[in-house]
Amino acid sequence: MRGGSENARSSRVAYLPIEDHGIIGNLRTAALVGRDGTVDWLCLPAFDSPSVFCSILDDEKGGHFQLRPLSHARSQQIYLPDTNVLLTRFLSPEGVVEILDYMPIATGSGHSRLVRSVHAVRGEMPFELECRPAFDYARARHTVSVGGRGAVFRGEDGSVLGLSSKIPLEEGPKGSVRARFTLGEGERTTFVLRGLDGEDDPGEAPSEEVFNRNLNETVGYWRRWISRCNYRGRWQDMVRRSALVLKLMVYDPTGALVAAPTMGLPEQIGGARNYDYRYTWLRDAGFTLYALIKLGFDEEAHNFMGWLRKRCEDGGDGMLQPLYSIDGRSEIEEYTLDHLSGYRGSRPVRVGNAAYKQLQLDLYGAVLDAAYLYNKHGAPLDYDLWKDLRQTIGWLAENWRQPDEGMWEVRGGRQHFVSSKVMCWVALERAVRIARQRGLPAGEGRWVEERDAVYEEVMQQGWSEEKQSFVQHYGSQALDAALLLMPLVKFVGPIDPRWISTLDRIQQELSFDTLVDRYRVGEAADDGFEGAEGSFSLCSFWLVECLTQAGRLDEARLALEKMFSYANHLGLYAEEIGRSGEALGNFPQAFTHLSLISAAIHLDRALGGG
């Protein structure tokens, strides 16, 4: 192994496609690692902390941690089997080199560590390193000190990072450190980036023995965890990978599941739909509990239910907000980072999410469906939780007739969204069912009355005789893929004539083969933005479930297999799929992987699986 101190010149192509990334994490935070060997997204110490690397949102200012070969090489990425340890391989005429990236599982109050190990498999290859943090979303300046064991970065925001290295480092421009080195066949060198508590020592780079021990511990953790997965169906690889991705998005101290570990990635290149998804949406609750319980992850289901229970306790008069922080904070101020150029010029880059102030009535159905699932498959609901749920149902019974911003969180004005009313019915129906099954005290007469009123209203005002379809909102002729939830939550039968007619309409107007748009922008309710967007993968997986329930199994199976082909090289999905098949939106997205799991389980069962 040979090191060098000459200045390294970066030749990284700006803005890798979103799908050209893998994710690693430690149940506190997560990093995106590109196929070019660059870490271009990492927040410390938690998912919703300010970023230290965000070159995916600004390739000049954002900061990154780059390891790349100096010779021309093609790259591949895989996960070590049944783990979230990522391997990036570079292949060139000069040799084959691999980078192992992982974050040891965080325990107690210890700092997060990012481990990057470079190993020459065969031949000899020159490499370069550039580590340039950009603290506080690239708003805070920092100083660098380089020593014999590595480098220390001190941000004016109080953040301190240490980079341990056996390769000699030198200070570069813009607060970076750089190095060039050459690995001969069989040689390895390891770099560790960690948070520091005011120390001046980055720590010693691990020896081969220590590296192997830490790697084996991390690999062992993930393999023990995924071994609890009880899915043995046709699509084990995709389901197990989705489960591993979801586990990476769990904030272990509270059990909350972030919608995505990223922020600001666009739903249209150059567009303004660039949101922060590093929070937990109540809408995901029922899907999360279903997936975790069905796959056998009872501990995670229990922990998530504990987080959800606390939100119900904090509800006060029974009203809940759509999303909360991972530690339960209710205020999530939204503002823009105008100094960042955005992914491929997609601005503004938003931090926080103003949707927490919205009225989204569908979330009550998600919460009560989660409670119903947990009561049925997890543990019986206790009296104290039931008191909070009763208060929530009481509030809904008084307020379900209001218009709301809906499940798509429109910013163009409230409407009477049919999907919101359907989920209000779900909340009341599940509450009645829980009370009857358990003999719990309830305002059941009122709940049944309101439940039936919601149903009748949807059938009368949410149905268009002219279109022969349910519609997005009362008085509209527009379709909405959120209607696909109607048979999935058992509001209508899967072969009800009204539903089959609606399903056919959705396939005609919103679907492009297996890709499904939310709605037609410009025809549907004003969402507050101009411009197009990609198709929503979660809607595509809902379509698979609807086809399954309707008995159209060959069609459902082909649709599912085609959707698998839209995953990236690691089996990961962003929120959307663009016109040319590219990933759009925050990445990876929990809701998409949750809906994949549900679709696979239901179709496998219908095809005669376990």
# chains A, B, ... in the order shown; residues from 1 in each chain; ligands from 1
>>> residues_around(residues="range 384-392 of chain A", least_positions_apart="5", cutoff="6 Å", atoms="only C-alpha atoms", output="PyMOL selection string")
chain A and resi 312-313+318
>>> write_last_selection(atoms="N, CA, C and O atoms", output="tab-separated table (two decimals), in the first residue's frame")
chain	number	residue	atom	x	y	z
A	312	CYS	N	-51.37	9.58	20.67
A	312	CYS	CA	-52.79	9.61	21.05
A	312	CYS	C	-52.96	10.22	22.43
A	312	CYS	O	-53.91	10.98	22.67
A	313	GLU	N	-52.04	9.92	23.35
A	313	GLU	CA	-52.11	10.49	24.69
A	313	GLU	C	-51.94	12.01	24.66
A	313	GLU	O	-52.55	12.73	25.44
A	318	GLY	N	-58.51	15.10	21.34
A	318	GLY	CA	-58.74	14.00	20.43
A	318	GLY	C	-58.29	14.28	19.01
A	318	GLY	O	-58.20	13.38	18.19
>>> select_by_dssp(residues="range 99-152 of chain A", states="strand (DSSP E or B)", output="PyMOL selection string")
chain A and resi 99-102+113-123+125-132+142-147+150-152
>>> residues_around(residues="Phe53 in chain A", least_positions_apart="6", cutoff="9 Å", atoms="only C-alpha atoms", output="PDB file with N, CA, C and O atoms, in the first residue's frame")
ATOM      1  N   ALA A  31     -27.096   7.053   5.692  1.00  0.00           N
ATOM      2  CA  ALA A  31     -26.273   7.710   4.679  1.00  0.00           C
ATOM      3  C   ALA A  31     -26.588   7.108   3.314  1.00  0.00           C
ATOM      4  O   ALA A  31     -26.896   5.921   3.198  1.00  0.00           O
ATOM      5  N   VAL A  39     -20.203   9.256  -0.513  1.00  0.00           N
ATOM      6  CA  VAL A  39     -21.278   9.482   0.457  1.00  0.00           C
ATOM      7  C   VAL A  39     -21.737  10.918   0.255  1.00  0.00           C
ATOM      8  O   VAL A  39     -21.000  11.864   0.550  1.00  0.00           O
ATOM      9  N   ASP A  40     -22.952  11.088  -0.281  1.00  0.00           N
ATOM     10  CA  ASP A  40     -23.407  12.450  -0.558  1.00  0.00           C
ATOM     11  C   ASP A  40     -24.657  12.833   0.217  1.00  0.00           C
ATOM     12  O   ASP A  40     -25.290  13.838  -0.067  1.00  0.00           O
ATOM     13  N   TRP A  41     -24.977  12.037   1.251  1.00  0.00           N
ATOM     14  CA  TRP A  41     -26.050  12.436   2.172  1.00  0.00           C
ATOM     15  C   TRP A  41     -25.818  11.769   3.520  1.00  0.00           C
ATOM     16  O   TRP A  41     -25.678  10.552   3.604  1.00  0.00           O
ATOM     17  N   LEU A  42     -25.749  12.575   4.580  1.00  0.00           N
ATOM     18  CA  LEU A  42     -25.647  12.062   5.941  1.00  0.00           C
ATOM     19  C   LEU A  42     -26.001  13.178   6.904  1.00  0.00           C
ATOM     20  O   LEU A  42     -25.464  14.287   6.813  1.00  0.00           O
ATOM     21  N   CYS A  43     -26.925  12.896   7.814  1.00  0.00           N
ATOM     22  CA  CYS A  43     -27.279  13.814   8.891  1.00  0.00           C
ATOM     23  C   CYS A  43     -26.811  13.198  10.210  1.00  0.00           C
ATOM     24  O   CYS A  43     -26.948  11.996  10.411  1.00  0.00           O
ATOM     25  N   GLY A  62     -22.520  21.329  -0.955  1.00  0.00           N
ATOM     26  CA  GLY A  62     -23.153  20.399  -0.030  1.00  0.00           C
ATOM     27  C   GLY A  62     -22.259  19.527   0.806  1.00  0.00           C
ATOM     28  O   GLY A  62     -22.672  19.030   1.847  1.00  0.00           O
ATOM     29  N   GLY A  63     -21.021  19.293   0.400  1.00  0.00           N
ATOM     30  CA  GLY A  63     -20.142  18.432   1.172  1.00  0.00           C
ATOM     31  C   GLY A  63     -20.318  16.971   0.826  1.00  0.00           C
ATOM     32  O   GLY A  63     -21.427  16.526   0.517  1.00  0.00           O
ATOM     33  N   HIS A  64     -19.205  16.201   0.877  1.00  0.00           N
ATOM     34  CA  HIS A  64     -19.264  14.790   0.540  1.00  0.00           C
ATOM     35  C   HIS A  64     -18.039  14.087   1.105  1.00  0.00           C
ATOM     36  O   HIS A  64     -17.085  14.710   1.570  1.00  0.00           O
ATOM     37  N   PHE A  65     -18.092  12.760   1.048  1.00  0.00           N
ATOM     38  CA  PHE A  65     -16.969  11.906   1.438  1.00  0.00           C
ATOM     39  C   PHE A  65     -16.754  10.948   0.276  1.00  0.00           C
ATOM     40  O   PHE A  65     -17.512  10.004   0.086  1.00  0.00           O
ATOM     41  N   ARG A 132     -15.063  16.297   2.715  1.00  0.00           N
ATOM     42  CA  ARG A 132     -15.351  17.721   2.912  1.00  0.00           C
ATOM     43  C   ARG A 132     -16.730  17.869   3.551  1.00  0.00           C
ATOM     44  O   ARG A 132     -17.746  17.914   2.858  1.00  0.00           O
ATOM     45  N   PRO A 133     -16.790  17.908   4.876  1.00  0.00           N
ATOM     46  CA  PRO A 133     -18.077  18.140   5.515  1.00  0.00           C
ATOM     47  C   PRO A 133     -18.608  19.543   5.199  1.00  0.00           C
ATOM     48  O   PRO A 133     -17.844  20.450   4.847  1.00  0.00           O
ATOM     49  N   ALA A 134     -19.911  19.689   5.320  1.00  0.00           N
ATOM     50  CA  ALA A 134     -20.553  20.997   5.188  1.00  0.00           C
ATOM     51  C   ALA A 134     -21.631  21.044   6.265  1.00  0.00           C
ATOM     52  O   ALA A 134     -22.773  20.660   6.038  1.00  0.00           O
ATOM     53  N   PHE A 135     -21.239  21.475   7.458  1.00  0.00           N
ATOM     54  CA  PHE A 135     -22.101  21.386   8.628  1.00  0.00           C
ATOM     55  C   PHE A 135     -23.355  22.255   8.497  1.00  0.00           C
ATOM     56  O   PHE A 135     -23.352  23.283   7.822  1.00  0.00           O
ATOM     57  N   TYR A 137     -26.429  21.893   7.085  1.00  0.00           N
ATOM     58  CA  TYR A 137     -26.945  22.084   5.723  1.00  0.00           C
ATOM     59  C   TYR A 137     -26.070  23.042   4.917  1.00  0.00           C
ATOM     60  O   TYR A 137     -26.565  23.852   4.129  1.00  0.00           O
ATOM     61  N   ALA A 138     -24.765  22.968   5.129  1.00  0.00           N
ATOM     62  CA  ALA A 138     -23.785  23.814   4.414  1.00  0.00           C
ATOM     63  C   ALA A 138     -23.929  25.295   4.773  1.00  0.00           C
ATOM     64  O   ALA A 138     -23.546  26.162   3.986  1.00  0.00           O
TER      65      ALA A 138
END
>>> closest_residue(among="A:Met103, A:Ala272, A:Ala567, A:Val471", to="Ala525 in chain A", atoms="only C-alpha atoms")
A:Val471
>>> residues_around(residues="Gly270 in chain A", least_positions_apart="5", cutoff="10 Å", atoms="only C-alpha atoms", output="list of chain:residue names")
A:Gly342, A:Tyr343, A:Arg344, A:Gly345, A:Ser346, A:Arg347, A:Pro348, A:Gly531
>>> closest_residue(among="A:Glu208, A:Asp338, A:Asp82, A:Asp314", to="Arg240 in chain A", atoms="only C-alpha atoms")
A:Asp82
>>> closest_residue(among="A:Ile597, A:Ala140, A:Leu27, A:Val521", to="Glu300 in chain A", atoms="only C-alpha atoms")
A:Leu27
